[in-house]
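To start, the structure under review is shown below, and the notes come after it.
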Amino acid sequence: MEFNSLRLTGFKSFVDSTELSIEPGLTGVIGPNGCGKSNLLEALRWVMGATSAKSLRGSGMEDVIFSGTDARPSREHAEVKLVIANDDRTAPARFNENTIIEVVRRIVRGAGSTYKVNGEEVRAKDVQLLFADAGTGANSPALVRQGQISELINAKPENRRRVLEEAAGVSGLRARRHESELR
Ligand code: ATP
Ligand code: MG
């Protein structure tokens with residue numbers, strides 16, 4: 001499973017639709033302070049199902065929508081699309097037929113957020129599990145947010161364990177157990 005491209009529309013500072021292709025190997029994002037580097041990483045986490053407003057550096061869900069500048073009015077919605085290549089069939093088995101997987105998350109002011117996988121509406125949980133089973137996701141230790149290292153050093157053991165569980169790839173199982181216990 002490889003990330004192919006990321007498209008941001010109205011997400012944070014990316015008011016105009018911006019599409020970036022993600023080439024194999026290492027990708028570097030460079031630019032002056034405040035140009036949107038961290039916002040890119042947040043878009044990636046958001047489309048993978050990140051829910052905690054705190055972990056997205058904002059107080060409310062809708063804070064990800066472009067809030068306007070002196071020159072541009074605010075937007076009514078934000079959308080992020082992540083295109084994944086599944087040529088190697090490493091995505092969860094139910095996607096075996098798909099060489100391309102498109103995940104879209106969209107939020108509309110006052111109406112919450114919705115997810116689509118290959119055009120079909122799914123739950124947040126489905127998207128989170130898709131990435132958790134592939135050993136990645138919004139909380140993957142592969143995504144290190146600014147300031148997260150010092151956060152981790154000062155974390156309670158319980159929270160530090162979660163990071164280790166993500167790294168070990170068992171958090172998808174934990175989420176499923178939790179879901180089955182709720183039923
Ligand atoms: P640094 O090098 O300092 O880490 P950065 O490149 O990571 O900077 P970001 O944190 O990604 O920068 O971007 C910050 C910019 O995004 C700020 O100018 C902020 O005003 C803008 N921004 C964040 N949320 C929104 C929003 N909802 N609407 C409009 N602009 C936003
Ligand atoms: Mg930054």
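Lettering and numbering for the structure tokens are positional, with chains as A, B, ... in the shown order, residues counted from 1 in each chain, and ligands counted from 1 in the shown order.
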| task | Name each residue within 9 Å of ligand 1, counting only C-alpha atoms and all ligand atoms, as a ChimeraX atom specification. | result | /A:10-15,29-42,57-58,62-69,74-75,146
| message | Can you pull out the residues contacting Ser5 of chain A? Cut-off 9 Å, using only C-alpha atoms, and skip same-chain residues under 2 positions away; I want them as a PyMOL selection string. | response | chain A and resi 3+7+19-23+81-84
May I have the residues from that selection written out with N, CA and C atoms, as a PDB file, in the first residue's frame?
ATOM      1  N   PHE A   3       0.984   5.606  -0.618  1.00  0.00           N
ATOM      2  CA  PHE A   3       0.242   6.841  -0.850  1.00  0.00           C
ATOM      3  C   PHE A   3       0.656   7.416  -2.197  1.00  0.00           C
ATOM      4  N   ARG A   7      -5.037  15.496  -1.938  1.00  0.00           N
ATOM      5  CA  ARG A   7      -5.652  16.722  -2.449  1.00  0.00           C
ATOM      6  C   ARG A   7      -6.384  17.424  -1.320  1.00  0.00           C
ATOM      7  N   GLU A  19      -3.327  19.793  -5.149  1.00  0.00           N
ATOM      8  CA  GLU A  19      -3.053  18.362  -5.219  1.00  0.00           C
ATOM      9  C   GLU A  19      -1.561  18.125  -5.279  1.00  0.00           C
ATOM     10  N   LEU A  20      -1.093  17.206  -4.428  1.00  0.00           N
ATOM     11  CA  LEU A  20       0.333  16.891  -4.389  1.00  0.00           C
ATOM     12  C   LEU A  20       0.499  15.420  -4.702  1.00  0.00           C
ATOM     13  N   SER A  21       1.415  15.115  -5.607  1.00  0.00           N
ATOM     14  CA  SER A  21       1.658  13.694  -5.817  1.00  0.00           C
ATOM     15  C   SER A  21       2.748  13.268  -4.844  1.00  0.00           C
ATOM     16  N   ILE A  22       2.613  12.048  -4.344  1.00  0.00           N
ATOM     17  CA  ILE A  22       3.581  11.530  -3.383  1.00  0.00           C
ATOM     18  C   ILE A  22       4.367  10.444  -4.093  1.00  0.00           C
ATOM     19  N   GLU A  23       5.617  10.746  -4.369  1.00  0.00           N
ATOM     20  CA  GLU A  23       6.457   9.821  -5.124  1.00  0.00           C
ATOM     21  C   GLU A  23       7.026   8.763  -4.174  1.00  0.00           C
ATOM     22  N   LYS A  81      -8.640  14.428   0.000  1.00  0.00           N
ATOM     23  CA  LYS A  81      -8.685  13.137  -0.698  1.00  0.00           C
ATOM     24  C   LYS A  81      -7.291  12.513  -0.687  1.00  0.00           C
ATOM     25  N   LEU A  82      -7.241  11.262  -0.284  1.00  0.00           N
ATOM     26  CA  LEU A  82      -5.982  10.521  -0.297  1.00  0.00           C
ATOM     27  C   LEU A  82      -6.127   9.361  -1.263  1.00  0.00           C
ATOM     28  N   VAL A  83      -5.225   9.299  -2.234  1.00  0.00           N
ATOM     29  CA  VAL A  83      -5.262   8.200  -3.192  1.00  0.00           C
ATOM     30  C   VAL A  83      -4.132   7.231  -2.857  1.00  0.00           C
ATOM     31  N   ILE A  84      -4.516   5.968  -2.721  1.00  0.00           N
ATOM     32  CA  ILE A  84      -3.557   4.944  -2.311  1.00  0.00           C
ATOM     33  C   ILE A  84      -3.429   3.904  -3.416  1.00  0.00           C
TER      34      ILE A  84
END
| task | Apply DSSP to the structure's backbone, then extract all residues of chain A labelled helix (DSSP H, G or I) and return them as a PyMOL selection string. | result | chain A and resi 37-47+54-56+61-64+93-95+124-133+148-153+157-168+171-182
| Taking the backbone alone, and naming residues the way the document does, which bits of segment 55-165 of chain A are strand (DSSP E) by DSSP, as an MDAnalysis selection string? | chainID A and resid 77:85 100:108 112:117 120:122
Take the residues just selected and output them with N, CA and C atoms as a CSV table (one decimal), in the first residue's frame.
chain,number,residue,atom,x,y,z
A,77,HIS,N,-16.9,24.5,3.5
A,77,HIS,CA,-16.6,23.1,3.7
A,77,HIS,C,-15.1,22.9,3.4
A,78,ALA,N,-14.6,21.8,3.9
A,78,ALA,CA,-13.2,21.4,3.7
A,78,ALA,C,-13.2,19.9,3.2
A,79,GLU,N,-12.3,19.6,2.4
A,79,GLU,CA,-12.2,18.2,1.9
A,79,GLU,C,-10.8,17.8,1.7
A,80,VAL,N,-10.5,16.5,2.0
A,80,VAL,CA,-9.2,16.0,1.8
A,80,VAL,C,-9.4,14.6,1.1
A,81,LYS,N,-8.6,14.4,0.0
A,81,LYS,CA,-8.7,13.1,-0.7
A,81,LYS,C,-7.3,12.5,-0.7
A,82,LEU,N,-7.2,11.3,-0.3
A,82,LEU,CA,-6.0,10.5,-0.3
A,82,LEU,C,-6.1,9.4,-1.3
A,83,VAL,N,-5.2,9.3,-2.2
A,83,VAL,CA,-5.3,8.2,-3.2
A,83,VAL,C,-4.1,7.2,-2.9
A,84,ILE,N,-4.5,6.0,-2.7
A,84,ILE,CA,-3.6,4.9,-2.3
A,84,ILE,C,-3.4,3.9,-3.4
A,85,ALA,N,-2.2,3.5,-3.7
A,85,ALA,CA,-2.0,2.4,-4.7
A,85,ALA,C,-1.9,1.1,-3.9
A,100,ILE,N,-6.5,0.8,-6.9
A,100,ILE,CA,-6.4,2.2,-6.4
A,100,ILE,C,-7.5,2.3,-5.3
A,101,ILE,N,-7.2,2.9,-4.2
A,101,ILE,CA,-8.2,3.1,-3.1
A,101,ILE,C,-8.2,4.6,-2.9
A,102,GLU,N,-9.4,5.2,-3.0
A,102,GLU,CA,-9.6,6.6,-2.8
A,102,GLU,C,-10.3,6.9,-1.5
A,103,VAL,N,-9.7,7.6,-0.6
A,103,VAL,CA,-10.4,7.9,0.6
A,103,VAL,C,-10.7,9.4,0.7
A,104,VAL,N,-11.9,9.8,0.9
A,104,VAL,CA,-12.3,11.2,0.9
A,104,VAL,C,-13.0,11.5,2.2
A,105,ARG,N,-12.5,12.5,2.9
A,105,ARG,CA,-13.2,13.0,4.1
A,105,ARG,C,-13.6,14.5,3.8
A,106,ARG,N,-14.9,14.8,4.2
A,106,ARG,CA,-15.4,16.1,3.9
A,106,ARG,C,-16.1,16.6,5.1
A,107,ILE,N,-16.0,17.9,5.4
A,107,ILE,CA,-16.7,18.5,6.5
A,107,ILE,C,-17.4,19.7,6.0
A,108,VAL,N,-18.7,19.8,6.4
A,108,VAL,CA,-19.5,21.0,6.0
A,108,VAL,C,-19.9,21.7,7.3
A,112,GLY,N,-21.2,18.4,10.3
A,112,GLY,CA,-20.3,17.3,10.6
A,112,GLY,C,-19.5,16.7,9.4
A,113,SER,N,-18.8,15.7,9.6
A,113,SER,CA,-17.9,15.2,8.6
A,113,SER,C,-18.4,13.8,8.1
A,114,THR,N,-18.1,13.5,6.8
A,114,THR,CA,-18.4,12.3,6.2
A,114,THR,C,-17.2,11.7,5.5
A,115,TYR,N,-17.3,10.4,5.3
A,115,TYR,CA,-16.1,9.7,4.7
A,115,TYR,C,-16.6,8.8,3.5
A,116,LYS,N,-15.8,8.8,2.5
A,116,LYS,CA,-16.1,7.9,1.4
A,116,LYS,C,-14.9,7.1,1.0
A,117,VAL,N,-15.1,5.8,0.7
A,117,VAL,CA,-14.0,5.0,0.2
A,117,VAL,C,-14.4,4.5,-1.1
A,120,GLU,N,-18.0,5.2,-2.0
A,120,GLU,CA,-19.1,4.7,-1.1
A,120,GLU,C,-19.0,5.3,0.3
A,121,GLU,N,-20.1,5.7,0.8
A,121,GLU,CA,-20.1,6.3,2.1
A,121,GLU,C,-19.8,5.3,3.2
A,122,VAL,N,-18.8,5.6,4.1
A,122,VAL,CA,-18.5,4.6,5.1
A,122,VAL,C,-18.4,5.4,6.5
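Residue nearest Glu97 of chain A, chosen from A:Asn118, A:Arg176, A:Gly60, A:Asn159 and counting only C-alpha atoms: A:Asn118.
Here atom CA of Leu129 of chain A is placed at a distance of 26.1 Å from atom CA of Gly110 of chain A.
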